[in-house]
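Visitor: The structure follows.
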Amino acid sequence: MNTSRAPLQVELGRRMLFYSILLLLSWYALSAQNEEQRIRNIVLVHGAWADGSGWKGVYDLLVKDGYIVSIVQEPLTSFQDDVGATKRVLAQQDGRCILVAHSYEGSVITEAGTDPSVAGLVYVAAHMPDAGESEAGDGKRFPSDLSKSDAIKKTADGFDYLDPTRFREYFAVDLPAEQAAFEGGSQVMIADANFRAVITIPAWRSKPSWMLVPTKDRTINPDLERWYAIRAHSRTVEVPGASHSVYVSRPKEVAALIEEAASKTR
C-alpha cells in the first residue's frame with residue numbers, strides 16, 4: 001500500500017464532503033426561497049346575475065391544494081361599488097394574490113387589478129376592456145347570442161336580469177335543469193349602467209393574464225374572449241362544450257388554470 005497518498009485521499013474526501021454539504025444547503029435555501037415566493041392567495045369574483053356561491057366547486061379544489069381563497073360578494077349596484085368591494089377584499093390579503101373574475105367582473109378586475117397586491121389576472125369567460133372602452137362597446141365587435149335575443153329584462157329602476165325561463169338556455173345549458181332553474185330564480189340583478197362603465201387604467205397592460213374560453217358560451221361570444229386574449233397576450237385555454245357557467249360546470253379546468261397562474265407568476 002502506498003501510504004504517501006493516504007493524506008491526499010483523506011483531504012480530497014473532506015473537500016468532496018464539504019462541497020456536497022454546501023450544495024445541499026444551497027438547494028434547501030433555494031427551495032425555501034421559491035416556496036416563500038410562491039403565490040398562495042386567490043381572490044375570486046363572480047359576475048352579473050350570480051353571486052359568490054357559484055365558485056364553491058373551484059374553491060374546494062383550490063383549498064384542497066393548499067391555497068388561501070377569498071370570494072368577493074359584489075353588490076352589482078354600480079361599477080364603482082363593485083370595484084370598491086373587490087379592493088376591500090384585496091386589502092385583506094396577506095401577500096400577493098391571483099385575481100380571478102367571471103363574466104362582467106372581468107371589467108371590474110381590469111380596473112381593480114392595478115392594486116399592488118395583485119400579481120396576475122385570470123379571466124373566466126370574461127370581458128377584458130382596454131382604457132377608454134366598456135364591455136357594452138366591446139360586445140358589439142362580436143355580438144353574443146344573448147345580446148341578439150330578448151331574454152334580458154329591465155326593472156323600472158334600471159336593473160337588468162335574465163328571463164328565468166331562459167336562464168339555462170343562454171347562461172347555463174350544461175348545468176342540470178333543476179340547478180339552472182334555481183340559479184335563474186335566485187339571480188342577482190345588476191345595474192344596467194355597469195355594462196357601460198369605462199376603464200381608466202387596465203391592469204392587464206402591466207400584469208400577466210390568463211383567459212379561459214368556454215366554446216359554447218352564449219352570453220359572451222367566444223370569439224370576443226379570444227380577441228381579448230390575443231390583444232392582451234394572455235395564456236388561453238379553451239373548454240370544449242362548456243357554457244358561460246363554466247366555472248360551475250367545469251371547476252377542475254377552471255381551478256387548474258388558476259393554479260397555473262399562481263405557479264408561473266413571480
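Residue numbering restarts at 1 in every chain; chains get A, B, ... in the order shown in the C-alpha cells, and ligands count up from 1 in that same order.
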Would you list the contacts of stretch 42-47 of chain A as a tab-separated table (two decimals) with C-alpha atoms, in the first residue's frame, taking every protein, DNA or RNA residue within 7 Å and counting only C-alpha atoms, but skipping same-chain residues closer than 6 positions in sequence?

Guide:
```tsv
chain	number	residue	atom	x	y	z
A	67	TYR	CA	-54.40	27.83	-1.45
A	68	ILE	CA	-55.98	30.55	0.66
A	69	VAL	CA	-59.15	31.59	-1.16
A	70	SER	CA	-61.30	34.70	-0.72
A	71	ILE	CA	-64.57	35.27	-2.54
A	72	VAL	CA	-65.89	38.75	-3.25
A	97	CYS	CA	-52.61	37.17	-4.96
A	98	ILE	CA	-54.11	35.98	-8.22
A	99	LEU	CA	-57.29	37.90	-9.02
A	100	VAL	CA	-59.93	35.88	-10.89
A	101	ALA	CA	-63.18	37.06	-12.48
A	102	HIS	CA	-66.13	35.63	-14.34
A	103	SER	CA	-68.18	37.44	-16.99
A	104	TYR	CA	-68.93	41.15	-16.37
A	105	GLU	CA	-66.49	41.20	-13.47
```

Visitor: Running DSSP on the backbone, which parts of stretch 163-266 of chain A land in alpha helix (DSSP H), as a PyMOL selection string?

Guide: chain A and resi 167-171+177-185+222-232+246-249+251-264

Visitor: Got a sec: who's within 10 Å of A:Gly54, counting only C-alpha atoms, leaving out chain neighbours fewer than 2 positions off, as a list of chain:residue names?

Guide: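 Final neighbour list, sorted by chain and number: A:Val45, A:His46, A:Gly47, A:Ala50, A:Asp51, A:Gly52, A:Lys56, A:Gly57, A:Val58, A:Tyr59, A:Glu183, A:Ser245, A:Tyr247, A:Val248, A:Ser249, A:Pro251.
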
Visitor: Got a sec: who's within 8 Å of A:Glu111, counting only C-alpha atoms, leaving out chain neighbours fewer than 5 positions off, as an mmCIF file with N, CA, C and O atoms, in the first residue's frame?

Guide:
```
data_model
loop_
_atom_site.group_PDB
_atom_site.id
_atom_site.type_symbol
_atom_site.label_atom_id
_atom_site.label_comp_id
_atom_site.auth_asym_id
_atom_site.auth_seq_id
_atom_site.Cartn_x
_atom_site.Cartn_y
_atom_site.Cartn_z
ATOM 1 N N VAL A 83 -65.984 47.700 -7.916
ATOM 2 C CA VAL A 83 -64.538 47.899 -7.816
ATOM 3 C C VAL A 83 -64.143 48.092 -6.349
ATOM 4 O O VAL A 83 -63.166 47.508 -5.867
ATOM 5 N N ILE A 199 -63.212 51.857 -18.638
ATOM 6 C CA ILE A 199 -61.975 51.524 -17.936
ATOM 7 C C ILE A 199 -61.000 52.702 -17.991
ATOM 8 O O ILE A 199 -60.879 53.379 -19.015
ATOM 9 N N THR A 200 -60.304 52.945 -16.885
ATOM 10 C CA THR A 200 -59.305 54.027 -16.857
ATOM 11 C C THR A 200 -57.902 53.458 -17.128
ATOM 12 O O THR A 200 -57.314 53.709 -18.180
ATOM 13 N N ILE A 201 -57.372 52.675 -16.180
ATOM 14 C CA ILE A 201 -56.049 52.052 -16.363
ATOM 15 C C ILE A 201 -56.224 50.537 -16.304
ATOM 16 O O ILE A 201 -56.505 49.981 -15.252
ATOM 17 N N PRO A 202 -56.092 49.838 -17.425
ATOM 18 C CA PRO A 202 -56.310 48.382 -17.439
ATOM 19 C C PRO A 202 -55.143 47.621 -16.819
ATOM 20 O O PRO A 202 -53.990 47.749 -17.259
ATOM 21 N N ALA A 203 -55.442 46.817 -15.817
ATOM 22 C CA ALA A 203 -54.395 46.077 -15.109
ATOM 23 C C ALA A 203 -53.651 45.099 -16.008
ATOM 24 O O ALA A 203 -52.457 44.847 -15.817
#
```

Visitor: When you draw a straight line from atom CA of A:Leu76 to atom CA of A:Asp145, how long is it in Å?

Guide: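 Atom-to-atom, atom CA of A:Leu76 to atom CA of A:Asp145, that is 22.7 Å.
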
Visitor: What lies within 12 Å of A:Ala177 using only C-alpha atoms, ignoring chain neighbours under 4 positions off, as a PyMOL selection string?

Guide: chain A and resi 164-169+171-173+181-184

Visitor: Restricting the output to N, CA, C and O atoms, write the selected residues as a short mmCIF file (atom, residue, chain, number, x, y, z; two decimals), in the first residue's frame.

Guide:
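again-v5.cif written:
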```cif
data_model
loop_
_atom_site.label_atom_id
_atom_site.label_comp_id
_atom_site.auth_asym_id
_atom_site.auth_seq_id
_atom_site.Cartn_x
_atom_site.Cartn_y
_atom_site.Cartn_z
N PRO A 164 -86.02 34.26 -16.19
CA PRO A 164 -85.71 32.99 -15.51
C PRO A 164 -86.03 31.75 -16.35
O PRO A 164 -85.34 30.73 -16.22
N THR A 165 -87.02 31.85 -17.21
CA THR A 165 -87.38 30.69 -18.04
C THR A 165 -86.37 30.44 -19.15
O THR A 165 -86.38 29.38 -19.77
N ARG A 166 -85.47 31.40 -19.38
CA ARG A 166 -84.47 31.26 -20.44
C ARG A 166 -83.04 31.33 -19.91
O ARG A 166 -82.08 31.37 -20.67
N PHE A 167 -82.95 31.32 -18.58
CA PHE A 167 -81.63 31.42 -17.94
C PHE A 167 -80.74 30.27 -18.36
O PHE A 167 -79.58 30.48 -18.74
N ARG A 168 -81.25 29.06 -18.30
CA ARG A 168 -80.43 27.90 -18.65
C ARG A 168 -80.01 27.96 -20.12
O ARG A 168 -78.86 27.64 -20.47
N GLU A 169 -80.91 28.37 -20.99
CA GLU A 169 -80.65 28.41 -22.43
C GLU A 169 -79.45 29.27 -22.77
O GLU A 169 -78.62 28.88 -23.61
N PHE A 171 -77.31 30.95 -20.31
CA PHE A 171 -76.30 31.14 -19.28
C PHE A 171 -75.70 29.84 -18.77
O PHE A 171 -74.53 29.81 -18.37
N ALA A 172 -76.49 28.77 -18.77
CA ALA A 172 -76.04 27.57 -18.05
C ALA A 172 -76.58 26.28 -18.65
O ALA A 172 -77.05 25.40 -17.93
N VAL A 173 -76.46 26.14 -19.97
CA VAL A 173 -77.07 24.99 -20.63
C VAL A 173 -76.42 23.66 -20.24
O VAL A 173 -77.04 22.60 -20.37
N ALA A 181 -82.46 26.16 -12.98
CA ALA A 181 -83.71 26.82 -12.60
C ALA A 181 -83.55 27.57 -11.28
O ALA A 181 -84.04 28.70 -11.12
N PHE A 182 -82.85 26.94 -10.33
CA PHE A 182 -82.61 27.60 -9.05
C PHE A 182 -81.76 28.85 -9.24
O PHE A 182 -82.04 29.91 -8.66
N GLU A 183 -80.71 28.74 -10.05
CA GLU A 183 -79.84 29.90 -10.28
C GLU A 183 -80.60 31.01 -11.00
O GLU A 183 -80.39 32.20 -10.70
N GLY A 184 -81.46 30.64 -11.93
CA GLY A 184 -82.25 31.65 -12.61
C GLY A 184 -83.22 32.35 -11.67
O GLY A 184 -83.48 33.55 -11.79
#
```

Visitor: How would you write, as a PyMOL selection string, the set of residues in stretch 33-86 of chain A that DSSP gives as strand (DSSP E)?

Guide: chain A and resi 41-45+68-72

Visitor: Create the file for the chosen residues now, containing all heavy atoms and written as a PDB file, in the first residue's frame.

Guide:
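Result file selection.pdb:
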```pdb
ATOM      1  N   ASN A  41     -52.386  33.057  -2.339  1.00  0.00           N
ATOM      2  CA  ASN A  41     -53.677  33.732  -2.173  1.00  0.00           C
ATOM      3  C   ASN A  41     -54.423  33.852  -3.503  1.00  0.00           C
ATOM      4  O   ASN A  41     -53.851  34.308  -4.502  1.00  0.00           O
ATOM      5  CB  ASN A  41     -53.483  35.127  -1.581  1.00  0.00           C
ATOM      6  CG  ASN A  41     -52.826  35.090  -0.223  1.00  0.00           C
ATOM      7  OD1 ASN A  41     -53.101  34.209   0.582  1.00  0.00           O
ATOM      8  ND2 ASN A  41     -51.948  36.049   0.046  1.00  0.00           N
ATOM      9  N   ILE A  42     -55.689  33.470  -3.478  1.00  0.00           N
ATOM     10  CA  ILE A  42     -56.550  33.560  -4.660  1.00  0.00           C
ATOM     11  C   ILE A  42     -57.803  34.352  -4.290  1.00  0.00           C
ATOM     12  O   ILE A  42     -58.436  34.075  -3.263  1.00  0.00           O
ATOM     13  CB  ILE A  42     -56.979  32.160  -5.156  1.00  0.00           C
ATOM     14  CG1 ILE A  42     -55.770  31.226  -5.317  1.00  0.00           C
ATOM     15  CG2 ILE A  42     -57.775  32.290  -6.458  1.00  0.00           C
ATOM     16  CD1 ILE A  42     -54.805  31.612  -6.390  1.00  0.00           C
ATOM     17  N   VAL A  43     -58.155  35.325  -5.108  1.00  0.00           N
ATOM     18  CA  VAL A  43     -59.387  36.097  -4.904  1.00  0.00           C
ATOM     19  C   VAL A  43     -60.312  35.852  -6.091  1.00  0.00           C
ATOM     20  O   VAL A  43     -59.941  36.112  -7.244  1.00  0.00           O
ATOM     21  CB  VAL A  43     -59.089  37.603  -4.749  1.00  0.00           C
ATOM     22  CG1 VAL A  43     -60.394  38.396  -4.623  1.00  0.00           C
ATOM     23  CG2 VAL A  43     -58.203  37.849  -3.530  1.00  0.00           C
ATOM     24  N   LEU A  44     -61.517  35.348  -5.811  1.00  0.00           N
ATOM     25  CA  LEU A  44     -62.491  35.003  -6.841  1.00  0.00           C
ATOM     26  C   LEU A  44     -63.633  36.025  -6.857  1.00  0.00           C
ATOM     27  O   LEU A  44     -64.160  36.384  -5.803  1.00  0.00           O
ATOM     28  CB  LEU A  44     -63.070  33.608  -6.574  1.00  0.00           C
ATOM     29  CG  LEU A  44     -62.067  32.456  -6.413  1.00  0.00           C
ATOM     30  CD1 LEU A  44     -62.793  31.177  -6.023  1.00  0.00           C
ATOM     31  CD2 LEU A  44     -61.277  32.255  -7.699  1.00  0.00           C
ATOM     32  N   VAL A  45     -63.996  36.465  -8.060  1.00  0.00           N
ATOM     33  CA  VAL A  45     -65.033  37.482  -8.202  1.00  0.00           C
ATOM     34  C   VAL A  45     -66.114  36.982  -9.169  1.00  0.00           C
ATOM     35  O   VAL A  45     -65.820  36.633 -10.308  1.00  0.00           O
ATOM     36  CB  VAL A  45     -64.436  38.807  -8.732  1.00  0.00           C
ATOM     37  CG1 VAL A  45     -65.457  39.932  -8.608  1.00  0.00           C
ATOM     38  CG2 VAL A  45     -63.159  39.172  -7.986  1.00  0.00           C
ATOM     39  N   ILE A  68     -55.113  29.757  -0.208  1.00  0.00           N
ATOM     40  CA  ILE A  68     -55.977  30.552   0.660  1.00  0.00           C
ATOM     41  C   ILE A  68     -56.910  31.343  -0.257  1.00  0.00           C
ATOM     42  O   ILE A  68     -56.449  32.189  -1.037  1.00  0.00           O
ATOM     43  CB  ILE A  68     -55.153  31.506   1.541  1.00  0.00           C
ATOM     44  CG1 ILE A  68     -54.178  30.698   2.401  1.00  0.00           C
ATOM     45  CG2 ILE A  68     -56.061  32.358   2.424  1.00  0.00           C
ATOM     46  CD1 ILE A  68     -53.123  31.549   3.084  1.00  0.00           C
ATOM     47  N   VAL A  69     -58.198  31.069  -0.181  1.00  0.00           N
ATOM     48  CA  VAL A  69     -59.148  31.590  -1.162  1.00  0.00           C
ATOM     49  C   VAL A  69     -60.138  32.554  -0.516  1.00  0.00           C
ATOM     50  O   VAL A  69     -60.746  32.242   0.507  1.00  0.00           O
ATOM     51  CB  VAL A  69     -59.922  30.445  -1.846  1.00  0.00           C
ATOM     52  CG1 VAL A  69     -60.821  30.999  -2.949  1.00  0.00           C
ATOM     53  CG2 VAL A  69     -58.949  29.410  -2.408  1.00  0.00           C
ATOM     54  N   SER A  70     -60.294  33.718  -1.130  1.00  0.00           N
ATOM     55  CA  SER A  70     -61.297  34.701  -0.719  1.00  0.00           C
ATOM     56  C   SER A  70     -62.280  34.891  -1.868  1.00  0.00           C
ATOM     57  O   SER A  70     -61.880  34.880  -3.038  1.00  0.00           O
ATOM     58  CB  SER A  70     -60.640  36.047  -0.384  1.00  0.00           C
ATOM     59  OG  SER A  70     -59.656  35.907   0.620  1.00  0.00           O
ATOM     60  N   ILE A  71     -63.539  35.073  -1.526  1.00  0.00           N
ATOM     61  CA  ILE A  71     -64.574  35.268  -2.539  1.00  0.00           C
ATOM     62  C   ILE A  71     -65.249  36.618  -2.310  1.00  0.00           C
ATOM     63  O   ILE A  71     -65.750  36.893  -1.214  1.00  0.00           O
ATOM     64  CB  ILE A  71     -65.624  34.140  -2.503  1.00  0.00           C
ATOM     65  CG1 ILE A  71     -64.942  32.792  -2.799  1.00  0.00           C
ATOM     66  CG2 ILE A  71     -66.745  34.403  -3.495  1.00  0.00           C
ATOM     67  CD1 ILE A  71     -65.865  31.600  -2.708  1.00  0.00           C
ATOM     68  N   VAL A  72     -65.256  37.437  -3.333  1.00  0.00           N
ATOM     69  CA  VAL A  72     -65.886  38.755  -3.252  1.00  0.00           C
ATOM     70  C   VAL A  72     -67.385  38.609  -3.531  1.00  0.00           C
ATOM     71  O   VAL A  72     -67.768  37.982  -4.518  1.00  0.00           O
ATOM     72  CB  VAL A  72     -65.264  39.729  -4.268  1.00  0.00           C
ATOM     73  CG1 VAL A  72     -65.912  41.109  -4.154  1.00  0.00           C
ATOM     74  CG2 VAL A  72     -63.751  39.831  -4.076  1.00  0.00           C
TER      75      VAL A  72
END
```

Visitor: Here is a test: counting only C-alpha atoms, which residue of A:Ala262, A:Ala255, A:Leu162, A:Ile220 is nearest to A:Val63?

Guide: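 Using only C-alpha atoms, the shortest distance to A:Val63 belongs to A:Ala255.
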
Visitor: So how far away is atom CA of A:Pro214 from atom CA of A:Tyr170, in Å?

Guide: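 That distance, rounded to one decimal, is 12.8 Å.
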
Visitor: Nearest to A:Gly185 among A:Asp65, A:Ser206, A:Asp157, A:Trp49, with distances taken over only C-alpha atoms: which residue is it?

Guide: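 Between A:Asp65, A:Ser206, A:Asp157, A:Trp49, the residue approaching A:Gly185 most closely is A:Trp49.
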
Visitor: Pick out the residues sitting within 10 Å of A:Asp115, and hand them over as a VMD selection string; count only C-alpha atoms, and ignore anything fewer than 4 positions along from it in its own chain.

Guide: chain A and resid 87 90 to 91 96 109 111 119 203

Visitor: So, counting only C-alpha atoms, which residue among A:Ala156, A:Met211, A:Leu61, A:Ala136 is closest to A:Glu259?

Guide: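 For A:Glu259, the nearest of the candidates is A:Leu61.
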
Visitor: Which residues come within 10 Å of A:Ser209, counting only C-alpha atoms, excluding same-chain residues fewer than 3 positions away, as a ChimeraX atom specification?

Guide: /A:98-100,119-123,203-206,229,232-236,261,265
